[in-house]
Structure formats: structure tokens, C-alpha cells
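Working notes for the structure below.
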Amino acid sequence: MTLVQMQPRSTNANPVHRTVDDAMEAAGPQVCDDMTVEVALAVMASARAGHLLVCDEDGLCAGLVTQARLATVRDSAAYTDQLRLRDLLGDRGPVASPLTTMAEAEHAMRYRRIDALPVVDEQGSALGVLALAR
């Protein structure tokens with residue numbers, strides 16, 4: 001398994017036409033989908049991160065997992081120490097393009113009740129994360 005750190009992007013856009021690219025944060029820790037839940041929780045704790053971007057074997061963004069979701073899974077009766085992140089993700093989760101408007105992204109996040117959304121390029125590689133402000 002390999003961890004990859006992304007660099008933050010600059011924000012210098014017209015506030016009227018803000019896109020996800022203007023507001024996204026650095027991607028933070030990225031992990032492979034074959035990582036176990038227990039190891040993912042340890043990575044999150046050591047990185048002091050509330051979420052991890054999960055990539056498939058081709059390095060493409062497969063989704064995002066949160067500490068709360070992983071803790072819930074770990075505490076469930078169906079949990080085994082062999083459970084991998086790919087088992088939790090199913091189909092690729094929602095993602096945003098850097099060109100998506102902030103209004104569209106915020107609406108989608110609130111509708112789906114998610115706090116963070118991966119931002120990917122045309123090939124599906126993670127560029128960053130858009131997180132709702134608390």
C-alpha cells in the first residue's frame with residue numbers, strides 16, 4: 001500500500017462564478033482499496049484526518065471514507081478483521097469535477113447528506129476534496 005500526499009491549490013476566482021476548483025482542499029491521505037478497515041483507521045489517526053480518499057489498483061479515485069463510517073463498520077456485528085475498503089465502497093461514489101459550480105456541488109452534498117466530496121480529473125484521478133463548512 002502506498003500513501004500519496006497532494007499539494008494545495010491556489011484560490012483566486014471571481015466569487016460570483018466559483019467552481020469546485022476554487023474551493024477544494026488538498027486531497028490529504030490517499031490509500032489503496034485493498035487496505036483493511038483497521039489499518040485505514042490507524043492511518044487516519046496518525047494523519048489526524050477525518051477522511052481518506054480511496055484509490056483502486058489503477059490509481060483512480062474509488063471514493064471517500066470517513067472516520068465515523070469506518071468506526072461504525074468496525075463496531076458492527078458483521079465486522080471481521082479481513083474487511084477491506086473496497087468491500088465498503090461498492091460502486092464508485094459521488095465525485096465532482098473541478099469545473100462543477102460551488103452551488104451545484106453544495107446542493108449535491110446536502111441532498112446526499114455527505115460532508116466531503118472527492119474532486120477528480122477527466123481520467124478519475126483525485127485532485128482534492130471539497131468539504132462543507134461547519
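By order of appearance in the C-alpha cells: chains A, B, ..., then residues from 1 within every chain, and ligands from 1 in the order shown.
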
Can you check which parts of segment 26-56 of chain A lie within 10 Å of segment 110-127 of chain A? Per residue, the shortest pair of atoms and distance in Å to one decimal, counting only C-alpha atoms, sorted by chain and number, as a tab-separated table.
```
residue	atom	partner	partner_atom	distance
A:Ala26	CA	A:Leu127	CA	7.3
A:Ala27	CA	A:Leu127	CA	6.2
A:Gly28	CA	A:Leu127	CA	9.8
A:Gln30	CA	A:Ala126	CA	8.7
A:Gly50	CA	A:Ala116	CA	9.7
A:His51	CA	A:Ala116	CA	8.2
A:Leu52	CA	A:Pro118	CA	9.7
A:Leu53	CA	A:Pro118	CA	7.3
A:Val54	CA	A:Ala126	CA	9.2
A:Cys55	CA	A:Ala126	CA	8.3
```

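Residues of segment 49-116 of chain A that DSSP, applied to the backbone, places in strand (DSSP E): His51, Leu52, Leu53, Val54, Cys55, Cys61, Ala62, Gly63, Leu64, Val65, Thr66 and Ala116 of chain A.
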
Preceding selection exported with N, CA and C atoms as a compact mmCIF listing (two decimals), in the first residue's frame:
```txt
# COMPACT_ATOMS: atom_id res chain seq x y z
N HIS A 51 -11.04 11.89 7.00
CA HIS A 51 -11.43 11.07 5.86
C HIS A 51 -10.19 10.61 5.10
N LEU A 52 -10.39 9.60 4.27
CA LEU A 52 -9.34 9.10 3.37
C LEU A 52 -9.92 8.99 1.98
N LEU A 53 -9.15 9.38 0.99
CA LEU A 53 -9.52 9.09 -0.38
C LEU A 53 -9.04 7.68 -0.69
N VAL A 54 -9.90 6.91 -1.31
CA VAL A 54 -9.60 5.51 -1.61
C VAL A 54 -9.40 5.38 -3.12
N CYS A 55 -8.27 4.78 -3.52
CA CYS A 55 -7.95 4.60 -4.93
C CYS A 55 -7.96 3.12 -5.27
N CYS A 61 -9.58 7.34 -8.34
CA CYS A 61 -10.37 7.55 -7.13
C CYS A 61 -11.59 6.64 -7.13
N ALA A 62 -11.68 5.81 -6.09
CA ALA A 62 -12.81 4.89 -5.95
C ALA A 62 -13.85 5.43 -4.97
N GLY A 63 -13.50 6.45 -4.22
CA GLY A 63 -14.43 7.03 -3.27
C GLY A 63 -13.72 7.63 -2.08
N LEU A 64 -14.51 7.90 -1.06
CA LEU A 64 -14.01 8.54 0.14
C LEU A 64 -14.65 7.84 1.34
N VAL A 65 -13.87 7.58 2.35
CA VAL A 65 -14.40 7.01 3.59
C VAL A 65 -14.09 7.95 4.74
N THR A 66 -15.02 8.02 5.68
CA THR A 66 -14.84 8.89 6.84
C THR A 66 -14.52 8.05 8.07
N ALA A 116 -18.08 15.53 2.66
CA ALA A 116 -16.89 15.71 1.82
C ALA A 116 -17.10 14.98 0.50
```

Give the alpha helix (DSSP H) residues of chain A, as DSSP finds them on the backbone, and put them as a count of residues only.
39

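In this model, the gap between atom CA of Val95 of chain A and atom CA of Asp22 of chain A comes to 15.7 Å.
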
Determine, using only C-alpha atoms, which residues of segment 78-131 of chain A have any atom at most 12 Å from an atom of segment 67-70 of chain A, and tabulate each with its shortest atom pair and distance in Å to one decimal place, rows ordered by chain and then rising number, as a tab-separated table.
```
residue	atom	partner	partner_atom	distance
A:Tyr79	CA	A:Leu70	CA	10.3
A:Leu83	CA	A:Leu70	CA	10.6
A:Arg84	CA	A:Leu70	CA	10.6
A:Leu85	CA	A:Leu70	CA	9.0
A:Asp87	CA	A:Leu70	CA	11.7
A:Leu88	CA	A:Leu70	CA	9.0
A:Leu89	CA	A:Arg69	CA	11.1
A:Ile114	CA	A:Arg69	CA	11.2
A:Asp115	CA	A:Ala68	CA	11.3
A:Ala116	CA	A:Gln67	CA	11.9
```

Dump of N, CA and C atoms for the selected residues, as a short mmCIF file (atom, residue, chain, number, x, y, z; two decimals), in the first residue's frame:
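Below you can see result_36.cif, which holds the result:
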```cif
data_model
loop_
_atom_site.label_atom_id
_atom_site.label_comp_id
_atom_site.auth_asym_id
_atom_site.auth_seq_id
_atom_site.Cartn_x
_atom_site.Cartn_y
_atom_site.Cartn_z
N TYR A 79 -18.61 -7.24 11.34
CA TYR A 79 -17.21 -6.86 11.09
C TYR A 79 -16.26 -8.05 11.27
N LEU A 83 -12.04 -7.34 6.50
CA LEU A 83 -12.86 -6.44 5.70
C LEU A 83 -12.00 -5.35 5.09
N ARG A 84 -12.09 -5.21 3.79
CA ARG A 84 -11.28 -4.23 3.06
C ARG A 84 -12.14 -3.03 2.65
N LEU A 85 -11.48 -1.92 2.38
CA LEU A 85 -12.20 -0.71 1.99
C LEU A 85 -13.03 -0.93 0.74
N ASP A 87 -14.69 -3.37 -0.06
CA ASP A 87 -15.94 -4.03 0.32
C ASP A 87 -16.99 -3.03 0.80
N LEU A 88 -16.54 -1.87 1.24
CA LEU A 88 -17.45 -0.85 1.75
C LEU A 88 -17.93 0.10 0.67
N LEU A 89 -17.13 0.28 -0.37
CA LEU A 89 -17.42 1.31 -1.37
C LEU A 89 -18.46 0.91 -2.39
N ILE A 114 -23.72 14.20 2.63
CA ILE A 114 -22.29 13.91 2.78
C ILE A 114 -21.56 15.20 3.10
N ASP A 115 -20.49 15.08 3.89
CA ASP A 115 -19.72 16.25 4.31
C ASP A 115 -18.51 16.53 3.44
N ALA A 116 -18.08 15.53 2.66
CA ALA A 116 -16.89 15.71 1.82
C ALA A 116 -17.10 14.98 0.50
#
```
